[in-house]
Every structure is written in C-alpha cells, then in structure tokens.
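Chemist: One structure, pasted below without further comment.
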Amino acid sequence: MVKEEIKYKETGIEWVPTIPSQWEMRRIKTLFTFRKEIVGEDSSQYKVLSLTVQRDGIIERDIESGMGKFPATFDGYQKIEPNSIVLCLFDMDVTPRIVGFSELTGMISAAYTNIVPKEKVYPKFYYYYFLNQDRDKSLYALGKGIRITLREDNFGSLFAPYPSYEEQKAIVEYLDAQIEKINLFIQKKQRFIELLKEQRQSKIDEAVDGTNKNWFNKKLKYIAEIKFSNVDKHTIEDEIPVRLCNYVDVYKNDYITNDLEFMNATATETEIEKFTVLKGDVIITKDSEEATDIAVPTFVKEDLENVVCGYHLALIRANENEILNEYLFRKFQSSELKAYFAIEATGVTRVGLSMGEITGVKISYPKSIEEQKQIVSHIKTETATIDTAIAKAEREIELIREYKEAMIAEAVMGKIL
C-alpha cells in the first residue's frame with residue numbers, strides 16, 4: 001500500500017481521536033451480532049476450541065493429551081464458526097489476551113463473547129482493531145468490578161471506526177502479508193530459543209533428579225509454607241499503598257528484582273503482613289489459560305521495598321533448615337514437577353491448582369544443605385551462557401513485536417492507506 005496525503009477528522013472519542021475524513025464511527029452492535037448458540041447434547045461432533053495468547057488466537061485443544069482436565073460434558077459450550085471474533089470480557093486484568101479470530105468451526109466456553117459480522121463488514125479488520133485495543137488496554141479501562149468485566153451491552157454500545165468494505169479488506173490484506181513475514185522471523189527465533197531451553201532444561205533436570213539417590217522425598221507442605229494471595233490490583237481509599245508483584249511479573253521472569261516496574265495498588269494491614277514478598281521467596285502461578293502455564297516459578301533474588309504478592313499466585317517460603325528456597329525454585333523448574341502440575345490443573349475457561357494439589361506434590365532433595373548449595377551453583381554455571389543467548393533472542397522478538405503492534409495501530413486508525 002502506498003502512503004498518501006490523508007485528511008483526518010476528530011471523533012471526540014478518547015481511544016480513537018482521529019480517523020480519515022471518509023471513514024465513519026459506528027456502534028459495535030450495528031456492525032456485529034452477538035451470538036451464543038449452545039451446542040447441547042450433540043457436542044461430540046465439535047472440536048474443543050480455546051482462546052490463547054501462546055499460539056496466537058483461537059486454537060483447537062487436545063483433550064486426549066491428558067494436559068489439564070476437561071468437564072464431563074460440553075453441553076454448556078457455544079458453537080463457533082469461521083470469521084467469528086471471540087472476546088474475553090471478564091478477568092481482563094489477568095487474561096494475557098482478550099481477543100481471537102476463529103478460522104475454525106468448533107465450540108468454546110459460553111463464558112466468552114462471540115460476535116459475527118453483519119453485512120458490509122470484513123471481520124478480520126475488526127479483529128485487528130480489537131487486538132490494538134487489547135494492546136493499549138482501552139477495553140480493559142472500561143471494565144468494572146473486582147474481576148474487571150465489560151458487559152456485552154456496554155461493549156456493543158462502544159464506537160469503532162467504519163471504513164468502506166473495500167478499505168477494510170485492503171487493510172487486512174496488507175496486514176496479513178506483513179504479519180506473515182514478521183511471524184516467520186519470530187517462528188525461527190522461537191525455534192532457536194526452544195532448542196536453547198531444551199539444553200537448559202536438561203541441565204536443570206539432571207541436577208535436581210533424585211532418582212536412585214539417597215535423598216529425602218517429602219510433600220511440600222512438610223517443608224514449606226504455602227499461601228494463596230487474594231490481593232487484587234485495585235486502589236481503595238482506606239487501604240495502604242503497596243507495590244504489587246503480579247502474574248505477569250512471575251510468568252515472564254526467573255528472578256524478581258528491584259529492576260522490575262511493579263504495579264501500584266493498595267492492601268489491608270492483614271494482607272501486607274501475610275503476603276509481603278521477602279528475599280528468597282518462591283512464587284508460582286496457580287491459575288492460567290493453559291495447563292502448561294501452571295506452576296511457573298520465580299525466585300525473589302533481593303530485598304524489595306513494600307512489595308506484596310498479587311492474586312492468581314502462590315507464595316512459597318521454604319524451611320531453610322530443611323531445604324533451600326533457591327533449590328526449591330530449581331525443583332519447580334524441573335520437567336518432573338511441570339508434568340505433575342499440568343496434569344493436576346483443573347478448570348474450563350481458566351485452569352488452576354488447588355491448595356491440596358500444590359501442598360501434596362512430593363519434592364526430592366539432598367539431605368545436606370551444602371549439597372543443595374552445590375547443585376544451585378552448578379545450575380547457575382551451566383545455564384549462564386544459555387540464558388544470555390535466550391535473552392538476546394527474546395529481545396529481538398520483543399522489538400519486532402513492538403513494530404508489529406505499531407503497524408497494526410497505524411493501519412486500523414487509517415494512518416496506512
């Protein structure tokens with residue numbers, strides 16, 4: 001597409017301040033129909049679909065893999081057809097992605113919002129538009145309640161740009177072509193990272209494998225204190241200001257340090273006393289959109305000031321006369337525990353772990369604290385070069401994704417015509 005001189009007009013809407021002069025602004029409910037057709041007893045003929053950030057949108061879930069648990073019946077699921085846009089308008093503060101575009105026919109949890117286009121709407125244009133709103137959090141900002149939910153009727157009343165059908169189609173074709181190139185670059189980098197992580201994983205597994213060794217093998221509840229945080233992201237006038245270590249901080253980082261930009265929130269005195277994060281703590285994810293993202297650990301590497309553990313996380317503090325926190329962190333990184341928790345995770349729209357499933361996991365570890373220290377040191381030495389290479393490749397992916405997001409934002413706002 002050739003960038004030409006474009007005339008713009010103001011919309012008076014905060015998240016879409018200007019659009020090309022030939023475009024209109026229309027309410028979403030005039031462009032899409034909200035559809036929720038429950039599958040009923042014939043659910044066996046449909047593929048089970050899921051909205052995921054990990055594999056870019058709507059995917060088919062593998063119910064035969066044993067990874068995660070599924071309901072006994074899918075009677076309450078809704079039908080999904082190609083060219084549908086699926087949105088997660090609840091728990092928007094913790095959901096890694098709130099929008100997906102379905103090119104599949106299947107069924108998905110009725111908790112999601114499913115919209116299908118009316119005439120003169122090229123649906124993928126609006127997928128890209130909502131994807132941009134997902135990135136800049138404009139939909140999240142409109143949500144209300146403890147679980148940050150945007151009601152469907154309120155969502156339908158929002159305004160969105162309305163180019164001509166031909167312009168919608170041309171913008172999608174341009175974005176599809178550019179994104180295909182970007183995704184190919186990302187896929188190659190991700191494969192490189194996967195190979196590095198396989199090397200890294202094998203070194204961790206080998207170091208913490210207690211099979212055929214004279215090690216202790218005890219349930220976690222006997223060697224550590226485990227707490228499920230209930231501290232949300234809200235700021236409440238009568239509560240005390242804190243910095244919040246939230247789900248994303250844990251999911252994306254092996255180590256929690258002062259370099260991270262923690263979210264500002266508030267908590268009660270009781271919550272602060274119970275969930276303040278201390279140096280040496282292990283924190284794991286206890287809820288996620290996929291079973292493989294359950295029990296992802298991080299290690300608190302240094303003293304932090306006024307940082308509290310947020311919800312959807314479990315705070316674990318080992319009895320260091322028995323087991324080192326950092327050794328326990330490495331044990332949580334092992335393939336053995338990852339497989340255990342992926343199988344134990346339960347749920348439909350989001351999967352999670354109960355307190356019993358976490359406290360009941362068996363941890364193998366050397367009887368000697370000195371031997372635990374040696375193992376921790378060995379893992380650091382063996383993985384240092386690998387971690388550096390992974391960080392470099394991940395930064396390259398981050399930069400190209402930033403470019404991709406900026407390109408989508410310009411396209412759906414009419415800056416590329």
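Following the order of the structure tokens, first chain is A, next is B, and so on, with residues numbered from 1 inside each chain and ligands from 1 in the order they appear.
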Please list as a PDB file with N, CA and C atoms, in the first residue's frame every residue within 10 Å of stretch 180-190 of chain A, counting only C-alpha atoms and excluding residues in the same chain fewer than 6 positions away.
Modeler:
ATOM      1  N   LEU A 196      17.546 -23.863  22.768  1.00  0.00           N
ATOM      2  CA  LEU A 196      18.345 -23.421  23.913  1.00  0.00           C
ATOM      3  C   LEU A 196      17.683 -23.818  25.232  1.00  0.00           C
ATOM      4  N   ILE A 390      19.453 -16.753  25.157  1.00  0.00           N
ATOM      5  CA  ILE A 390      17.980 -16.696  25.164  1.00  0.00           C
ATOM      6  C   ILE A 390      17.513 -15.252  25.305  1.00  0.00           C
ATOM      7  N   ALA A 393      17.884 -13.315  22.014  1.00  0.00           N
ATOM      8  CA  ALA A 393      16.883 -13.706  21.015  1.00  0.00           C
ATOM      9  C   ALA A 393      15.497 -13.194  21.410  1.00  0.00           C
ATOM     10  N   GLU A 394      15.178 -13.255  22.706  1.00  0.00           N
ATOM     11  CA  GLU A 394      13.873 -12.767  23.166  1.00  0.00           C
ATOM     12  C   GLU A 394      13.747 -11.260  22.975  1.00  0.00           C
ATOM     13  N   GLU A 396      15.153  -9.569  20.545  1.00  0.00           N
ATOM     14  CA  GLU A 396      14.904  -9.385  19.116  1.00  0.00           C
ATOM     15  C   GLU A 396      13.434  -9.616  18.783  1.00  0.00           C
ATOM     16  N   ILE A 397      12.839 -10.636  19.399  1.00  0.00           N
ATOM     17  CA  ILE A 397      11.412 -10.908  19.188  1.00  0.00           C
ATOM     18  C   ILE A 397      10.565  -9.768  19.751  1.00  0.00           C
ATOM     19  N   GLU A 398      10.947  -9.263  20.923  1.00  0.00           N
ATOM     20  CA  GLU A 398      10.219  -8.161  21.543  1.00  0.00           C
ATOM     21  C   GLU A 398      10.201  -6.933  20.645  1.00  0.00           C
ATOM     22  N   ILE A 400      10.594  -6.777  17.308  1.00  0.00           N
ATOM     23  CA  ILE A 400       9.801  -6.975  16.093  1.00  0.00           C
ATOM     24  C   ILE A 400       8.315  -6.993  16.425  1.00  0.00           C
ATOM     25  N   ARG A 401       7.957  -7.476  17.612  1.00  0.00           N
ATOM     26  CA  ARG A 401       6.553  -7.438  18.020  1.00  0.00           C
ATOM     27  C   ARG A 401       6.090  -6.010  18.275  1.00  0.00           C
ATOM     28  N   TYR A 403       7.194  -3.448  16.703  1.00  0.00           N
ATOM     29  CA  TYR A 403       6.989  -2.917  15.345  1.00  0.00           C
ATOM     30  C   TYR A 403       5.647  -3.402  14.787  1.00  0.00           C
ATOM     31  N   LYS A 404       5.343  -4.675  14.985  1.00  0.00           N
ATOM     32  CA  LYS A 404       4.090  -5.263  14.503  1.00  0.00           C
ATOM     33  C   LYS A 404       2.884  -4.558  15.134  1.00  0.00           C
TER      34      LYS A 404
END
Chemist: Show me, as number ranges by chain, the residues that have an atom within 9 Å of A:Arg135 when counting only C-alpha atoms, minus same-chain residues fewer than 3 positions from it.
Modeler: A: 97, 130-132, 138, 405
Chemist: With C-alpha atoms retained, export the selected residues as a PDB file, in the first residue's frame.
Modeler:
ATOM      1  CA  ARG A  97      -5.211 -11.896  25.539  1.00  0.00           C
ATOM      2  CA  PHE A 130      -9.722  -5.094  18.885  1.00  0.00           C
ATOM      3  CA  LEU A 131      -6.208  -6.533  19.003  1.00  0.00           C
ATOM      4  CA  ASN A 132      -4.909  -2.979  19.078  1.00  0.00           C
ATOM      5  CA  SER A 138      -8.615   0.721  26.213  1.00  0.00           C
ATOM      6  CA  GLU A 405       1.827  -3.664  17.135  1.00  0.00           C
TER       7      GLU A 405
END
Chemist: Report the residues of stretch 226-383 of chain A whose backbone DSSP state falls under alpha helix (DSSP H), written as a PDB file with N, CA and C atoms, in the first residue's frame.
Modeler:
ATOM      1  N   TYR A 247       0.871 -11.439  38.280  1.00  0.00           N
ATOM      2  CA  TYR A 247       1.012 -12.657  37.468  1.00  0.00           C
ATOM      3  C   TYR A 247       2.089 -12.513  36.388  1.00  0.00           C
ATOM      4  N   VAL A 248       2.040 -11.413  35.642  1.00  0.00           N
ATOM      5  CA  VAL A 248       2.972 -11.225  34.526  1.00  0.00           C
ATOM      6  C   VAL A 248       4.409 -11.133  35.027  1.00  0.00           C
ATOM      7  N   ASP A 249       4.633 -10.476  36.178  1.00  0.00           N
ATOM      8  CA  ASP A 249       5.982 -10.384  36.751  1.00  0.00           C
ATOM      9  C   ASP A 249       6.555 -11.775  37.000  1.00  0.00           C
ATOM     10  N   VAL A 250       5.710 -12.672  37.493  1.00  0.00           N
ATOM     11  CA  VAL A 250       6.157 -14.030  37.794  1.00  0.00           C
ATOM     12  C   VAL A 250       6.332 -14.841  36.521  1.00  0.00           C
ATOM     13  N   TYR A 251       5.345 -14.756  35.633  1.00  0.00           N
ATOM     14  CA  TYR A 251       5.340 -15.576  34.424  1.00  0.00           C
ATOM     15  C   TYR A 251       6.530 -15.275  33.518  1.00  0.00           C
ATOM     16  N   LYS A 252       6.927 -14.014  33.457  1.00  0.00           N
ATOM     17  CA  LYS A 252       7.938 -13.605  32.478  1.00  0.00           C
ATOM     18  C   LYS A 252       9.365 -13.557  33.028  1.00  0.00           C
ATOM     19  N   GLU A 269      -3.805  -4.031  56.188  1.00  0.00           N
ATOM     20  CA  GLU A 269      -2.689  -4.376  57.074  1.00  0.00           C
ATOM     21  C   GLU A 269      -2.520  -5.890  57.159  1.00  0.00           C
ATOM     22  N   THR A 270      -3.627  -6.598  57.230  1.00  0.00           N
ATOM     23  CA  THR A 270      -3.573  -8.065  57.310  1.00  0.00           C
ATOM     24  C   THR A 270      -2.967  -8.658  56.049  1.00  0.00           C
ATOM     25  N   GLU A 271      -3.365  -8.148  54.894  1.00  0.00           N
ATOM     26  CA  GLU A 271      -2.820  -8.635  53.616  1.00  0.00           C
ATOM     27  C   GLU A 271      -1.326  -8.345  53.506  1.00  0.00           C
ATOM     28  N   ILE A 272      -0.920  -7.162  53.933  1.00  0.00           N
ATOM     29  CA  ILE A 272       0.501  -6.809  53.884  1.00  0.00           C
ATOM     30  C   ILE A 272       1.313  -7.726  54.787  1.00  0.00           C
ATOM     31  N   GLU A 273       0.805  -7.958  55.975  1.00  0.00           N
ATOM     32  CA  GLU A 273       1.505  -8.843  56.914  1.00  0.00           C
ATOM     33  C   GLU A 273       1.631 -10.263  56.347  1.00  0.00           C
ATOM     34  N   LYS A 274       0.606 -10.717  55.677  1.00  0.00           N
ATOM     35  CA  LYS A 274       0.563 -12.101  55.200  1.00  0.00           C
ATOM     36  C   LYS A 274       1.290 -12.305  53.882  1.00  0.00           C
ATOM     37  N   PHE A 275       1.243 -11.294  52.975  1.00  0.00           N
ATOM     38  CA  PHE A 275       1.701 -11.531  51.607  1.00  0.00           C
ATOM     39  C   PHE A 275       2.865 -10.644  51.169  1.00  0.00           C
ATOM     40  N   ASN A 325      15.472 -22.318  49.652  1.00  0.00           N
ATOM     41  CA  ASN A 325      14.467 -21.738  48.761  1.00  0.00           C
ATOM     42  C   ASN A 325      14.913 -21.797  47.302  1.00  0.00           C
ATOM     43  N   GLU A 326      16.183 -21.483  47.053  1.00  0.00           N
ATOM     44  CA  GLU A 326      16.650 -21.444  45.667  1.00  0.00           C
ATOM     45  C   GLU A 326      16.723 -22.848  45.066  1.00  0.00           C
ATOM     46  N   TYR A 327      17.004 -23.846  45.894  1.00  0.00           N
ATOM     47  CA  TYR A 327      16.943 -25.212  45.391  1.00  0.00           C
ATOM     48  C   TYR A 327      15.495 -25.566  45.052  1.00  0.00           C
ATOM     49  N   LEU A 328      14.553 -25.152  45.915  1.00  0.00           N
ATOM     50  CA  LEU A 328      13.144 -25.420  45.680  1.00  0.00           C
ATOM     51  C   LEU A 328      12.685 -24.743  44.381  1.00  0.00           C
ATOM     52  N   PHE A 329      13.161 -23.534  44.142  1.00  0.00           N
ATOM     53  CA  PHE A 329      12.869 -22.835  42.884  1.00  0.00           C
ATOM     54  C   PHE A 329      13.326 -23.670  41.688  1.00  0.00           C
ATOM     55  N   ARG A 330      14.528 -24.199  41.753  1.00  0.00           N
ATOM     56  CA  ARG A 330      15.041 -25.019  40.648  1.00  0.00           C
ATOM     57  C   ARG A 330      14.232 -26.310  40.504  1.00  0.00           C
ATOM     58  N   LYS A 331      13.771 -26.850  41.615  1.00  0.00           N
ATOM     59  CA  LYS A 331      12.956 -28.062  41.557  1.00  0.00           C
ATOM     60  C   LYS A 331      11.636 -27.776  40.842  1.00  0.00           C
ATOM     61  N   PHE A 332      11.058 -26.603  41.100  1.00  0.00           N
ATOM     62  CA  PHE A 332       9.826 -26.230  40.407  1.00  0.00           C
ATOM     63  C   PHE A 332      10.062 -26.047  38.904  1.00  0.00           C
ATOM     64  N   SER A 335      11.256 -30.738  34.771  1.00  0.00           N
ATOM     65  CA  SER A 335      10.233 -31.358  33.929  1.00  0.00           C
ATOM     66  C   SER A 335       9.285 -32.220  34.756  1.00  0.00           C
ATOM     67  N   GLU A 336       9.813 -32.827  35.799  1.00  0.00           N
ATOM     68  CA  GLU A 336       9.015 -33.693  36.669  1.00  0.00           C
ATOM     69  C   GLU A 336       7.840 -32.933  37.275  1.00  0.00           C
ATOM     70  N   LEU A 337       8.103 -31.772  37.875  1.00  0.00           N
ATOM     71  CA  LEU A 337       7.041 -31.002  38.506  1.00  0.00           C
ATOM     72  C   LEU A 337       6.142 -30.321  37.480  1.00  0.00           C
ATOM     73  N   LYS A 338       6.711 -29.879  36.357  1.00  0.00           N
ATOM     74  CA  LYS A 338       5.890 -29.276  35.300  1.00  0.00           C
ATOM     75  C   LYS A 338       4.835 -30.256  34.818  1.00  0.00           C
ATOM     76  N   ALA A 339       5.230 -31.506  34.598  1.00  0.00           N
ATOM     77  CA  ALA A 339       4.296 -32.529  34.123  1.00  0.00           C
ATOM     78  C   ALA A 339       3.237 -32.816  35.184  1.00  0.00           C
ATOM     79  N   TYR A 340       3.652 -32.894  36.427  1.00  0.00           N
ATOM     80  CA  TYR A 340       2.713 -33.173  37.522  1.00  0.00           C
ATOM     81  C   TYR A 340       1.620 -32.107  37.590  1.00  0.00           C
ATOM     82  N   PHE A 341       2.030 -30.845  37.591  1.00  0.00           N
ATOM     83  CA  PHE A 341       1.064 -29.771  37.749  1.00  0.00           C
ATOM     84  C   PHE A 341       0.189 -29.601  36.501  1.00  0.00           C
ATOM     85  N   ALA A 342       0.741 -29.836  35.312  1.00  0.00           N
ATOM     86  CA  ALA A 342      -0.056 -29.728  34.086  1.00  0.00           C
ATOM     87  C   ALA A 342      -1.201 -30.734  34.101  1.00  0.00           C
ATOM     88  N   ILE A 343      -0.940 -31.912  34.632  1.00  0.00           N
ATOM     89  CA  ILE A 343      -1.975 -32.950  34.706  1.00  0.00           C
ATOM     90  C   ILE A 343      -2.982 -32.650  35.812  1.00  0.00           C
ATOM     91  N   GLU A 344      -2.507 -32.105  36.927  1.00  0.00           N
ATOM     92  CA  GLU A 344      -3.385 -31.843  38.071  1.00  0.00           C
ATOM     93  C   GLU A 344      -4.264 -30.611  37.889  1.00  0.00           C
ATOM     94  N   MET A 355      -5.088 -25.736  46.684  1.00  0.00           N
ATOM     95  CA  MET A 355      -4.061 -25.779  47.719  1.00  0.00           C
ATOM     96  C   MET A 355      -3.578 -27.211  47.933  1.00  0.00           C
ATOM     97  N   GLY A 356      -4.504 -28.167  47.904  1.00  0.00           N
ATOM     98  CA  GLY A 356      -4.121 -29.563  48.111  1.00  0.00           C
ATOM     99  C   GLY A 356      -3.197 -30.090  47.038  1.00  0.00           C
ATOM    100  N   GLU A 357      -3.420 -29.670  45.797  1.00  0.00           N
ATOM    101  CA  GLU A 357      -2.568 -30.141  44.695  1.00  0.00           C
ATOM    102  C   GLU A 357      -1.155 -29.584  44.801  1.00  0.00           C
ATOM    103  N   ILE A 358      -1.035 -28.366  45.330  1.00  0.00           N
ATOM    104  CA  ILE A 358       0.296 -27.781  45.495  1.00  0.00           C
ATOM    105  C   ILE A 358       0.982 -28.349  46.735  1.00  0.00           C
ATOM    106  N   THR A 359       0.287 -28.383  47.846  1.00  0.00           N
ATOM    107  CA  THR A 359       0.925 -28.860  49.077  1.00  0.00           C
ATOM    108  C   THR A 359       1.240 -30.342  49.023  1.00  0.00           C
ATOM    109  N   ILE A 369      22.427 -29.571  53.253  1.00  0.00           N
ATOM    110  CA  ILE A 369      22.244 -28.206  52.744  1.00  0.00           C
ATOM    111  C   ILE A 369      23.416 -27.823  51.856  1.00  0.00           C
ATOM    112  N   GLU A 370      24.595 -28.279  52.224  1.00  0.00           N
ATOM    113  CA  GLU A 370      25.781 -27.974  51.428  1.00  0.00           C
ATOM    114  C   GLU A 370      25.661 -28.557  50.029  1.00  0.00           C
ATOM    115  N   GLU A 371      25.150 -29.762  49.927  1.00  0.00           N
ATOM    116  CA  GLU A 371      24.965 -30.374  48.607  1.00  0.00           C
ATOM    117  C   GLU A 371      23.910 -29.599  47.797  1.00  0.00           C
ATOM    118  N   GLN A 372      22.872 -29.117  48.455  1.00  0.00           N
ATOM    119  CA  GLN A 372      21.874 -28.290  47.766  1.00  0.00           C
ATOM    120  C   GLN A 372      22.519 -27.018  47.202  1.00  0.00           C
ATOM    121  N   LYS A 373      23.391 -26.399  48.013  1.00  0.00           N
ATOM    122  CA  LYS A 373      24.098 -25.196  47.549  1.00  0.00           C
ATOM    123  C   LYS A 373      24.952 -25.497  46.329  1.00  0.00           C
ATOM    124  N   GLN A 374      25.621 -26.632  46.330  1.00  0.00           N
ATOM    125  CA  GLN A 374      26.462 -27.027  45.196  1.00  0.00           C
ATOM    126  C   GLN A 374      25.629 -27.228  43.935  1.00  0.00           C
ATOM    127  N   ILE A 375      24.459 -27.821  44.098  1.00  0.00           N
ATOM    128  CA  ILE A 375      23.572 -28.036  42.948  1.00  0.00           C
ATOM    129  C   ILE A 375      23.108 -26.704  42.373  1.00  0.00           C
ATOM    130  N   VAL A 376      22.704 -25.782  43.237  1.00  0.00           N
ATOM    131  CA  VAL A 376      22.264 -24.453  42.798  1.00  0.00           C
ATOM    132  C   VAL A 376      23.389 -23.749  42.046  1.00  0.00           C
ATOM    133  N   SER A 377      24.600 -23.797  42.586  1.00  0.00           N
ATOM    134  CA  SER A 377      25.751 -23.163  41.957  1.00  0.00           C
ATOM    135  C   SER A 377      26.069 -23.805  40.607  1.00  0.00           C
ATOM    136  N   HIS A 378      25.979 -25.122  40.548  1.00  0.00           N
ATOM    137  CA  HIS A 378      26.247 -25.850  39.313  1.00  0.00           C
ATOM    138  C   HIS A 378      25.259 -25.449  38.216  1.00  0.00           C
ATOM    139  N   ILE A 379      23.981 -25.337  38.567  1.00  0.00           N
ATOM    140  CA  ILE A 379      22.968 -24.951  37.578  1.00  0.00           C
ATOM    141  C   ILE A 379      23.241 -23.543  37.053  1.00  0.00           C
ATOM    142  N   LYS A 380      23.594 -22.623  37.944  1.00  0.00           N
ATOM    143  CA  LYS A 380      23.900 -21.253  37.511  1.00  0.00           C
ATOM    144  C   LYS A 380      25.052 -21.232  36.512  1.00  0.00           C
ATOM    145  N   THR A 381      26.098 -21.985  36.810  1.00  0.00           N
ATOM    146  CA  THR A 381      27.272 -22.019  35.933  1.00  0.00           C
ATOM    147  C   THR A 381      26.927 -22.627  34.574  1.00  0.00           C
ATOM    148  N   GLU A 382      26.185 -23.735  34.598  1.00  0.00           N
ATOM    149  CA  GLU A 382      25.872 -24.469  33.373  1.00  0.00           C
ATOM    150  C   GLU A 382      24.881 -23.732  32.471  1.00  0.00           C
ATOM    151  N   THR A 383      24.050 -22.892  33.058  1.00  0.00           N
ATOM    152  CA  THR A 383      22.998 -22.241  32.269  1.00  0.00           C
ATOM    153  C   THR A 383      23.294 -20.781  31.935  1.00  0.00           C
TER     154      THR A 383
END
Chemist: Using Å and a single decimal, report how far atom CA of A:Asn154 sits from atom CA of A:Val231.
Modeler: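 Computing it gives 27.2 Å between the two atoms.
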Chemist: Enumerate, as a PyMOL selection string, the complete set of residues in stretch 71-203 of chain A that a backbone-based DSSP assignment places in strand (DSSP E).
Modeler: chain A and resi 78-80+84-87+99-102+106-108+113-117+159-162
Chemist: Filtering to C-alpha atoms, could you give me those residues as an mmCIF file, in the first residue's frame?
Modeler:
data_model
loop_
_atom_site.group_PDB
_atom_site.id
_atom_site.type_symbol
_atom_site.label_atom_id
_atom_site.label_comp_id
_atom_site.auth_asym_id
_atom_site.auth_seq_id
_atom_site.Cartn_x
_atom_site.Cartn_y
_atom_site.Cartn_z
ATOM 1 C CA GLN A 78 -21.264 -22.403 22.422
ATOM 2 C CA LYS A 79 -20.801 -23.006 18.713
ATOM 3 C CA ILE A 80 -18.101 -21.092 16.878
ATOM 4 C CA SER A 84 -16.106 -15.153 14.293
ATOM 5 C CA ILE A 85 -14.371 -12.830 16.715
ATOM 6 C CA VAL A 86 -14.098 -14.197 20.252
ATOM 7 C CA LEU A 87 -13.518 -11.822 23.157
ATOM 8 C CA VAL A 99 -9.434 -11.251 21.537
ATOM 9 C CA GLY A 100 -9.091 -14.055 18.993
ATOM 10 C CA PHE A 101 -10.169 -14.604 15.382
ATOM 11 C CA SER A 102 -11.577 -18.024 14.600
ATOM 12 C CA GLY A 106 -15.980 -25.835 16.841
ATOM 13 C CA MET A 107 -17.167 -24.989 20.342
ATOM 14 C CA ILE A 108 -15.804 -22.778 23.090
ATOM 15 C CA THR A 113 -18.308 -13.272 23.922
ATOM 16 C CA ASN A 114 -18.732 -14.412 20.313
ATOM 17 C CA ILE A 115 -19.539 -11.797 17.664
ATOM 18 C CA VAL A 116 -20.210 -12.407 13.969
ATOM 19 C CA PRO A 117 -20.261 -9.744 11.237
ATOM 20 C CA PHE A 159 -17.951 3.186 18.828
ATOM 21 C CA ALA A 160 -15.460 1.761 16.327
ATOM 22 C CA PRO A 161 -14.083 3.095 13.029
ATOM 23 C CA TYR A 162 -16.018 2.097 9.932
#
Chemist: What separation in Å, quoted to one decimal, exists between atom CA of A:Ser50 and atom CA of A:Thr33?
Modeler: 20.6 Å
Chemist: Find the residue from A:Tyr140, A:Ala389, A:Leu89, A:Ile58 that sits nearest to A:Glu103; use only C-alpha atoms when measuring.
Modeler: A:Ile58
Chemist: Check the smallest atom-to-atom distance from each of A:Trp215, A:Asp136, A:Ala224, A:Tyr77 to A:Glu402 using only C-alpha atoms, then report the winner.
Modeler: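 Nearest candidate to A:Glu402 out of A:Trp215, A:Asp136, A:Ala224, A:Tyr77: A:Asp136.
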Chemist: Of the candidates A:Thr268, A:Ser288, A:Thr30, A:Thr11, which shows the shortest atom-to-atom distance to A:Val351, using only C-alpha atoms?
Modeler: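 Selected residue with least distance to A:Val351: A:Ser288.
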Chemist: Give the answer as one residue: which of A:Asp238, A:Asp205, A:Asp75, A:Asp303 has the shortest atom-to-atom distance to A:Gln333, using only C-alpha atoms?
Modeler: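 Between A:Asp238, A:Asp205, A:Asp75, A:Asp303, the residue approaching A:Gln333 most closely is A:Asp205.
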Chemist: Give me, as a PyMOL selection string, all polymer residues having an atom no more than 7 Å from A:Pro241, counting only C-alpha atoms and skipping those fewer than 5 positions away in the same chain.
Modeler: chain A and resi 265-267
